[in-house]
Every structure is written in C-alpha cells, then in structure tokens.
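What follows is coords.cif (mmCIF, N, CA, C and O atoms).
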data_structure
#
loop_
_atom_site.group_PDB
_atom_site.id
_atom_site.type_symbol
_atom_site.label_atom_id
_atom_site.label_comp_id
_atom_site.auth_asym_id
_atom_site.auth_seq_id
_atom_site.Cartn_x
_atom_site.Cartn_y
_atom_site.Cartn_z
ATOM 1 N N MET A 226 122.843 141.725 73.325
ATOM 2 C CA MET A 226 121.561 141.166 72.975
ATOM 3 C C MET A 226 120.559 141.376 74.102
ATOM 4 O O MET A 226 119.387 141.544 73.857
ATOM 5 N N ASN A 227 120.997 141.353 75.338
ATOM 6 C CA ASN A 227 120.088 141.563 76.451
ATOM 7 C C ASN A 227 119.516 142.969 76.477
ATOM 8 O O ASN A 227 118.467 143.199 77.047
ATOM 9 N N ALA A 228 120.218 143.925 75.887
ATOM 10 C CA ALA A 228 119.708 145.282 75.857
ATOM 11 C C ALA A 228 118.466 145.386 74.986
ATOM 12 O O ALA A 228 117.611 146.224 75.205
ATOM 13 N N ILE A 229 118.345 144.518 74.011
ATOM 14 C CA ILE A 229 117.202 144.546 73.107
ATOM 15 C C ILE A 229 116.043 143.728 73.680
ATOM 16 O O ILE A 229 114.887 144.089 73.534
ATOM 17 N N MET A 230 116.344 142.640 74.339
ATOM 18 C CA MET A 230 115.297 141.757 74.858
ATOM 19 C C MET A 230 114.694 142.342 76.133
ATOM 20 O O MET A 230 115.396 142.888 76.967
ATOM 21 N N THR A 231 113.402 142.205 76.262
ATOM 22 C CA THR A 231 112.738 142.656 77.482
ATOM 23 C C THR A 231 112.853 141.586 78.546
ATOM 24 O O THR A 231 113.202 140.441 78.268
ATOM 25 N N LYS A 232 112.529 141.966 79.767
ATOM 26 C CA LYS A 232 112.579 141.011 80.883
ATOM 27 C C LYS A 232 111.597 139.870 80.652
ATOM 28 O O LYS A 232 111.870 138.716 80.964
ATOM 29 N N PHE A 233 110.430 140.174 80.083
ATOM 30 C CA PHE A 233 109.427 139.151 79.805
ATOM 31 C C PHE A 233 109.965 138.112 78.833
ATOM 32 O O PHE A 233 109.759 136.918 79.014
ATOM 33 N N GLU A 234 110.673 138.555 77.802
ATOM 34 C CA GLU A 234 111.222 137.616 76.824
ATOM 35 C C GLU A 234 112.299 136.738 77.440
ATOM 36 O O GLU A 234 112.404 135.560 77.121
ATOM 37 N N ILE A 235 113.081 137.303 78.350
ATOM 38 C CA ILE A 235 114.126 136.511 79.013
ATOM 39 C C ILE A 235 113.491 135.456 79.910
ATOM 40 O O ILE A 235 113.902 134.298 79.908
ATOM 41 N N ASP A 236 112.462 135.846 80.679
ATOM 42 C CA ASP A 236 111.790 134.884 81.555
ATOM 43 C C ASP A 236 111.099 133.798 80.754
ATOM 44 O O ASP A 236 111.110 132.630 81.135
ATOM 45 N N ALA A 237 110.485 134.156 79.634
ATOM 46 C CA ALA A 237 109.811 133.163 78.801
ATOM 47 C C ALA A 237 110.816 132.180 78.225
ATOM 48 O O ALA A 237 110.542 130.986 78.129
ATOM 49 N N GLU A 238 111.980 132.675 77.868
ATOM 50 C CA GLU A 238 113.006 131.801 77.318
ATOM 51 C C GLU A 238 113.528 130.838 78.384
ATOM 52 O O GLU A 238 113.751 129.662 78.121
ATOM 53 N N LYS A 239 113.682 131.317 79.619
ATOM 54 C CA LYS A 239 114.132 130.452 80.703
ATOM 55 C C LYS A 239 113.080 129.404 81.046
ATOM 56 O O LYS A 239 113.406 128.289 81.416
ATOM 57 N N ALA A 240 111.810 129.760 80.929
ATOM 58 C CA ALA A 240 110.741 128.819 81.244
ATOM 59 C C ALA A 240 110.672 127.695 80.216
ATOM 60 O O ALA A 240 110.233 126.590 80.519
ATOM 61 N N ARG A 241 111.094 127.981 78.990
ATOM 62 C CA ARG A 241 111.051 126.949 77.945
ATOM 63 C C ARG A 241 112.177 125.944 78.076
ATOM 64 O O ARG A 241 112.140 124.886 77.458
ATOM 65 N N GLU A 242 113.199 126.278 78.837
ATOM 66 C CA GLU A 242 114.314 125.358 79.016
ATOM 67 C C GLU A 242 113.839 124.086 79.698
ATOM 68 O O GLU A 242 112.962 124.111 80.536
ATOM 69 N N THR A 243 114.416 122.981 79.341
ATOM 70 C CA THR A 243 114.041 121.720 79.983
ATOM 71 C C THR A 243 114.667 121.660 81.356
ATOM 72 O O THR A 243 115.800 122.081 81.568
ATOM 73 N N ARG A 244 113.922 121.132 82.295
ATOM 74 C CA ARG A 244 114.411 121.015 83.669
ATOM 75 C C ARG A 244 114.593 119.535 84.002
ATOM 76 O O ARG A 244 113.758 118.705 83.686
ATOM 77 N N ASP A 245 115.655 119.237 84.672
ATOM 78 C CA ASP A 245 115.950 117.868 85.051
ATOM 79 C C ASP A 245 115.482 117.651 86.482
ATOM 80 O O ASP A 245 115.889 118.361 87.389
ATOM 81 N N TRP A 246 114.609 116.695 86.690
ATOM 82 C CA TRP A 246 114.041 116.401 88.009
ATOM 83 C C TRP A 246 114.852 115.278 88.645
ATOM 84 O O TRP A 246 114.399 114.141 88.728
ATOM 85 N N ASP A 247 116.041 115.580 89.099
ATOM 86 C CA ASP A 247 116.880 114.558 89.722
ATOM 87 C C ASP A 247 116.186 113.990 90.950
ATOM 88 O O ASP A 247 115.795 114.711 91.848
ATOM 89 N N GLY A 248 116.035 112.678 90.993
ATOM 90 C CA GLY A 248 115.426 112.010 92.131
ATOM 91 C C GLY A 248 113.921 112.034 92.133
ATOM 92 O O GLY A 248 113.288 111.417 92.977
ATOM 93 N N LEU A 249 113.302 112.725 91.212
ATOM 94 C CA LEU A 249 111.844 112.802 91.157
ATOM 95 C C LEU A 249 111.337 112.324 89.800
ATOM 96 O O LEU A 249 110.391 112.875 89.246
ATOM 97 N N SER A 250 111.955 111.299 89.272
ATOM 98 C CA SER A 250 111.609 110.844 87.930
ATOM 99 C C SER A 250 110.180 110.306 87.862
ATOM 100 O O SER A 250 109.520 110.423 86.831
ATOM 101 N N GLU A 251 109.677 109.728 88.954
ATOM 102 C CA GLU A 251 108.307 109.207 88.950
ATOM 103 C C GLU A 251 107.292 110.339 88.835
ATOM 104 O O GLU A 251 106.333 110.247 88.073
ATOM 105 N N ILE A 252 107.525 111.420 89.553
ATOM 106 C CA ILE A 252 106.630 112.575 89.460
ATOM 107 C C ILE A 252 106.759 113.224 88.087
ATOM 108 O O ILE A 252 105.763 113.625 87.486
ATOM 109 N N ASP A 253 107.975 113.298 87.577
ATOM 110 C CA ASP A 253 108.180 113.874 86.259
ATOM 111 C C ASP A 253 107.442 113.068 85.201
ATOM 112 O O ASP A 253 106.796 113.634 84.310
ATOM 113 N N GLN A 254 107.501 111.751 85.300
ATOM 114 C CA GLN A 254 106.783 110.898 84.339
ATOM 115 C C GLN A 254 105.285 111.080 84.487
ATOM 116 O O GLN A 254 104.556 111.110 83.494
ATOM 117 N N ALA A 255 104.793 111.218 85.711
ATOM 118 C CA ALA A 255 103.359 111.434 85.928
ATOM 119 C C ALA A 255 102.907 112.756 85.330
ATOM 120 O O ALA A 255 101.840 112.843 84.722
ATOM 121 N N LEU A 256 103.710 113.790 85.500
ATOM 122 C CA LEU A 256 103.371 115.079 84.899
ATOM 123 C C LEU A 256 103.389 115.000 83.384
ATOM 124 O O LEU A 256 102.524 115.568 82.711
ATOM 125 N N ARG A 257 104.349 114.286 82.855
ATOM 126 C CA ARG A 257 104.452 114.161 81.407
ATOM 127 C C ARG A 257 103.259 113.400 80.845
ATOM 128 O O ARG A 257 102.758 113.727 79.777
ATOM 129 N N ASP A 258 102.791 112.395 81.558
ATOM 130 C CA ASP A 258 101.653 111.607 81.096
ATOM 131 C C ASP A 258 100.317 112.205 81.512
ATOM 132 O O ASP A 258 99.273 111.613 81.259
ATOM 133 N N ASN A 259 100.348 113.364 82.196
ATOM 134 C CA ASN A 259 99.149 114.065 82.643
ATOM 135 C C ASN A 259 98.315 113.170 83.569
ATOM 136 O O ASN A 259 97.106 113.068 83.440
ATOM 137 N N ARG A 260 98.998 112.524 84.492
ATOM 138 C CA ARG A 260 98.298 111.668 85.455
ATOM 139 C C ARG A 260 98.770 111.980 86.870
ATOM 140 O O ARG A 260 98.890 111.112 87.721
ATOM 141 N N PHE A 261 99.014 113.255 87.136
ATOM 142 C CA PHE A 261 99.525 113.671 88.432
ATOM 143 C C PHE A 261 98.505 113.432 89.533
ATOM 144 O O PHE A 261 98.852 113.031 90.642
ATOM 145 N N THR A 262 97.224 113.652 89.238
ATOM 146 C CA THR A 262 96.187 113.422 90.247
ATOM 147 C C THR A 262 96.127 111.956 90.629
ATOM 148 O O THR A 262 96.018 111.608 91.808
ATOM 149 N N GLU A 263 96.205 111.075 89.647
ATOM 150 C CA GLU A 263 96.186 109.638 89.927
ATOM 151 C C GLU A 263 97.387 109.254 90.795
ATOM 152 O O GLU A 263 97.255 108.473 91.740
ATOM 153 N N TYR A 264 98.532 109.835 90.509
ATOM 154 C CA TYR A 264 99.735 109.557 91.292
ATOM 155 C C TYR A 264 99.543 109.995 92.742
ATOM 156 O O TYR A 264 99.874 109.264 93.670
ATOM 157 N N ARG A 265 98.981 111.192 92.948
ATOM 158 C CA ARG A 265 98.780 111.702 94.300
ATOM 159 C C ARG A 265 97.770 110.856 95.068
ATOM 160 O O ARG A 265 97.932 110.608 96.260
ATOM 161 N N VAL A 266 96.706 110.399 94.404
ATOM 162 C CA VAL A 266 95.700 109.571 95.077
ATOM 163 C C VAL A 266 96.311 108.230 95.480
ATOM 164 O O VAL A 266 96.091 107.750 96.601
ATOM 165 N N LYS A 267 97.074 107.625 94.596
ATOM 166 C CA LYS A 267 97.701 106.336 94.921
ATOM 167 C C LYS A 267 98.702 106.479 96.070
ATOM 168 O O LYS A 267 98.772 105.618 96.950
ATOM 169 N N LYS A 268 99.489 107.550 96.072
ATOM 170 C CA LYS A 268 100.439 107.761 97.155
ATOM 171 C C LYS A 268 99.722 108.023 98.475
ATOM 172 O O LYS A 268 100.134 107.544 99.520
ATOM 173 N N ALA A 269 98.622 108.776 98.432
ATOM 174 C CA ALA A 269 97.866 109.063 99.650
ATOM 175 C C ALA A 269 97.202 107.796 100.177
ATOM 176 O O ALA A 269 97.124 107.587 101.388
ATOM 177 N N TRP A 270 96.683 106.963 99.291
ATOM 178 C CA TRP A 270 96.019 105.740 99.733
ATOM 179 C C TRP A 270 97.023 104.746 100.307
ATOM 180 O O TRP A 270 96.690 103.939 101.173
ATOM 181 N N ALA A 271 98.266 104.791 99.860
ATOM 182 C CA ALA A 271 99.289 103.877 100.375
ATOM 183 C C ALA A 271 99.725 104.265 101.784
ATOM 184 O O ALA A 271 100.177 103.414 102.545
ATOM 185 N N ASP A 272 99.562 105.528 102.150
ATOM 186 C CA ASP A 272 99.928 106.001 103.479
ATOM 187 C C ASP A 272 98.803 105.649 104.459
ATOM 188 O O ASP A 272 97.660 106.029 104.256
ATOM 189 N N PRO A 273 99.095 104.908 105.542
ATOM 190 C CA PRO A 273 98.027 104.485 106.458
ATOM 191 C C PRO A 273 97.283 105.651 107.121
ATOM 192 O O PRO A 273 96.065 105.605 107.271
ATOM 193 N N TRP A 274 97.987 106.693 107.519
ATOM 194 C CA TRP A 274 97.321 107.822 108.175
ATOM 195 C C TRP A 274 96.427 108.574 107.200
ATOM 196 O O TRP A 274 95.320 108.997 107.549
ATOM 197 N N SER A 275 96.897 108.749 105.993
ATOM 198 C CA SER A 275 96.095 109.438 104.980
ATOM 199 C C SER A 275 94.858 108.616 104.632
ATOM 200 O O SER A 275 93.770 109.159 104.425
ATOM 201 N N ARG A 276 95.013 107.292 104.575
ATOM 202 C CA ARG A 276 93.876 106.422 104.273
ATOM 203 C C ARG A 276 92.833 106.506 105.391
ATOM 204 O O ARG A 276 91.636 106.613 105.133
ATOM 205 N N ARG A 277 93.288 106.483 106.645
ATOM 206 C CA ARG A 277 92.348 106.595 107.776
ATOM 207 C C ARG A 277 91.632 107.942 107.757
ATOM 208 O O ARG A 277 90.429 108.011 108.029
ATOM 209 N N LEU A 278 92.365 108.992 107.461
ATOM 210 C CA LEU A 278 91.759 110.321 107.392
ATOM 211 C C LEU A 278 90.722 110.399 106.271
ATOM 212 O O LEU A 278 89.630 110.934 106.462
ATOM 213 N N THR A 279 91.039 109.834 105.115
ATOM 214 C CA THR A 279 90.104 109.835 103.987
ATOM 215 C C THR A 279 88.839 109.057 104.324
ATOM 216 O O THR A 279 87.716 109.518 104.060
ATOM 217 N N ILE A 280 89.005 107.884 104.927
ATOM 218 C CA ILE A 280 87.840 107.076 105.307
ATOM 219 C C ILE A 280 87.038 107.787 106.380
ATOM 220 O O ILE A 280 85.804 107.832 106.326
ATOM 221 N N GLY A 281 87.710 108.383 107.367
ATOM 222 C CA GLY A 281 87.017 109.086 108.438
ATOM 223 C C GLY A 281 86.219 110.277 107.929
ATOM 224 O O GLY A 281 85.054 110.470 108.310
ATOM 225 N N VAL A 282 86.810 111.073 107.064
ATOM 226 C CA VAL A 282 86.098 112.226 106.507
ATOM 227 C C VAL A 282 84.921 111.766 105.652
ATOM 228 O O VAL A 282 83.840 112.356 105.708
ATOM 229 N N SER A 283 85.107 110.704 104.893
ATOM 230 C CA SER A 283 84.009 110.172 104.074
ATOM 231 C C SER A 283 82.857 109.688 104.946
ATOM 232 O O SER A 283 81.680 109.914 104.611
ATOM 233 N N VAL A 284 83.171 109.032 106.063
ATOM 234 C CA VAL A 284 82.129 108.549 106.970
ATOM 235 C C VAL A 284 81.381 109.731 107.601
ATOM 236 O O VAL A 284 80.148 109.716 107.685
ATOM 237 N N VAL A 285 82.106 110.750 108.025
ATOM 238 C CA VAL A 285 81.465 111.928 108.619
ATOM 239 C C VAL A 285 80.542 112.610 107.604
ATOM 240 O O VAL A 285 79.416 112.995 107.938
ATOM 241 N N ILE A 286 80.994 112.738 106.376
ATOM 242 C CA ILE A 286 80.155 113.349 105.334
ATOM 243 C C ILE A 286 78.925 112.491 105.063
ATOM 244 O O ILE A 286 77.807 113.011 104.932
ATOM 245 N N ALA A 287 79.102 111.161 104.992
ATOM 246 C CA ALA A 287 77.961 110.268 104.748
ATOM 247 C C ALA A 287 76.956 110.330 105.896
ATOM 248 O O ALA A 287 75.741 110.350 105.674
ATOM 249 N N VAL A 288 77.441 110.367 107.141
ATOM 250 C CA VAL A 288 76.540 110.464 108.295
ATOM 251 C C VAL A 288 75.803 111.795 108.268
ATOM 252 O O VAL A 288 74.589 111.850 108.539
ATOM 253 N N GLY A 289 76.485 112.862 107.923
ATOM 254 C CA GLY A 289 75.846 114.174 107.840
ATOM 255 C C GLY A 289 74.747 114.205 106.788
ATOM 256 O O GLY A 289 73.639 114.704 107.044
ATOM 257 N N PHE A 290 75.036 113.668 105.623
ATOM 258 C CA PHE A 290 74.016 113.641 104.574
ATOM 259 C C PHE A 290 72.847 112.720 104.930
ATOM 260 O O PHE A 290 71.688 113.038 104.648
ATOM 261 N N SER A 291 73.148 111.583 105.547
ATOM 262 C CA SER A 291 72.053 110.688 105.930
ATOM 263 C C SER A 291 71.180 111.336 107.008
ATOM 264 O O SER A 291 69.958 111.158 107.015
ATOM 265 N N TYR A 292 71.771 112.099 107.921
ATOM 266 C CA TYR A 292 70.988 112.827 108.917
ATOM 267 C C TYR A 292 70.084 113.862 108.244
ATOM 268 O O TYR A 292 68.901 113.970 108.572
ATOM 269 N N LEU A 293 70.635 114.608 107.296
ATOM 270 C CA LEU A 293 69.839 115.596 106.596
ATOM 271 C C LEU A 293 68.708 114.958 105.793
ATOM 272 O O LEU A 293 67.586 115.486 105.757
ATOM 273 N N ILE A 294 68.982 113.852 105.152
ATOM 274 C CA ILE A 294 67.949 113.151 104.383
ATOM 275 C C ILE A 294 66.888 112.606 105.340
ATOM 276 O O ILE A 294 65.680 112.692 105.080
ATOM 277 N N GLY A 295 67.323 112.053 106.479
ATOM 278 C CA GLY A 295 66.373 111.521 107.449
ATOM 279 C C GLY A 295 65.476 112.600 108.030
ATOM 280 O O GLY A 295 64.266 112.392 108.201
ATOM 281 N N THR A 296 66.028 113.770 108.315
ATOM 282 C CA THR A 296 65.184 114.838 108.862
ATOM 283 C C THR A 296 64.252 115.408 107.805
ATOM 284 O O THR A 296 63.142 115.840 108.139
ATOM 285 N N SER A 297 64.649 115.402 106.563
ATOM 286 C CA SER A 297 63.752 115.917 105.530
ATOM 287 C C SER A 297 62.565 114.970 105.318
ATOM 288 O O SER A 297 61.492 115.408 104.919
ATOM 289 N N PHE A 298 62.728 113.677 105.567
ATOM 290 C CA PHE A 298 61.624 112.720 105.485
ATOM 291 C C PHE A 298 60.899 112.549 106.804
ATOM 292 O O PHE A 298 59.958 111.774 106.900
ATOM 293 N N GLY A 299 61.335 113.239 107.842
ATOM 294 C CA GLY A 299 60.660 113.182 109.141
ATOM 295 C C GLY A 299 60.925 111.905 109.914
ATOM 296 O O GLY A 299 60.091 111.491 110.729
ATOM 297 N N LEU A 300 62.048 111.277 109.696
ATOM 298 C CA LEU A 300 62.358 110.040 110.399
ATOM 299 C C LEU A 300 62.784 110.311 111.845
ATOM 300 O O LEU A 300 62.558 109.478 112.711
ATOM 301 N N TRP A 301 63.382 111.449 112.145
ATOM 302 C CA TRP A 301 63.751 111.798 113.514
ATOM 303 C C TRP A 301 63.692 113.269 113.719
ATOM 304 O O TRP A 301 63.732 114.138 113.021
#

Show me, as structure tokens, the structure contained in the file I just sent.
Amino acid sequence: MNAIMTKFEIDAEKARETRDWDGLSEIDQALRDNRFTEYRVKKAWADPWSRRLTIGVSVVIAVGFSYLIGTSFGLW
C-alpha cells in the first residue's frame, strides 16, 4: 500500500492522528478551547520577573509616547 501512497499522503495521515500530551493536559485543554493566548498571559503575569518586565516595558513605552506628545505641543 505504501508503494501507491505518496509521501505527502503519508505525512497528512500521520498529522491527523491524535496526539497524547502527557503531563501537558492544561496546555492541551487551552489549545482545544482556543484560549492559548489567555493561558500564556496568565502564566506570564503569575511569574514575578515576567510581570516586572511587562510593567517596565509598558512604563518605558508610556514615557516615550508622553515625551513625543509633549514635544509636539511644545511643552519642552
């Protein structure tokens, strides 16, 4: 049977097989519910270093934009 099937058909058939995510059931459920981004944001916010980095980058971006807005109005 493999002599008749092309490599593409074999790969497509393997991709359709169900995969068992041993130990990663929470991520598997998030992917199934199409909420992977929400899962990643919640995990990142729970990590103290990631939270500090997110807040720090947000502050730098806000300061940069406020500087640009201030210079466009001639405040400094």

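Note that atom CA of Leu300 of chain A and atom CA of Ala287 of chain A are 16.6 Å apart.
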
Checklist line | Length of the atom C of Thr279 of chain A to atom N of Tyr264 of chain A vector [Å] | finding: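 So the answer is 16.9 Å.
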
Next item on the list: Quick one: pull the distance between atom CA of Arg265 of chain A and atom CA of Asp253 of chain A, Å, one decimal.
Entry: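 For atom CA of Arg265 of chain A relative to atom CA of Asp253 of chain A, the distance reads 12.6 Å.
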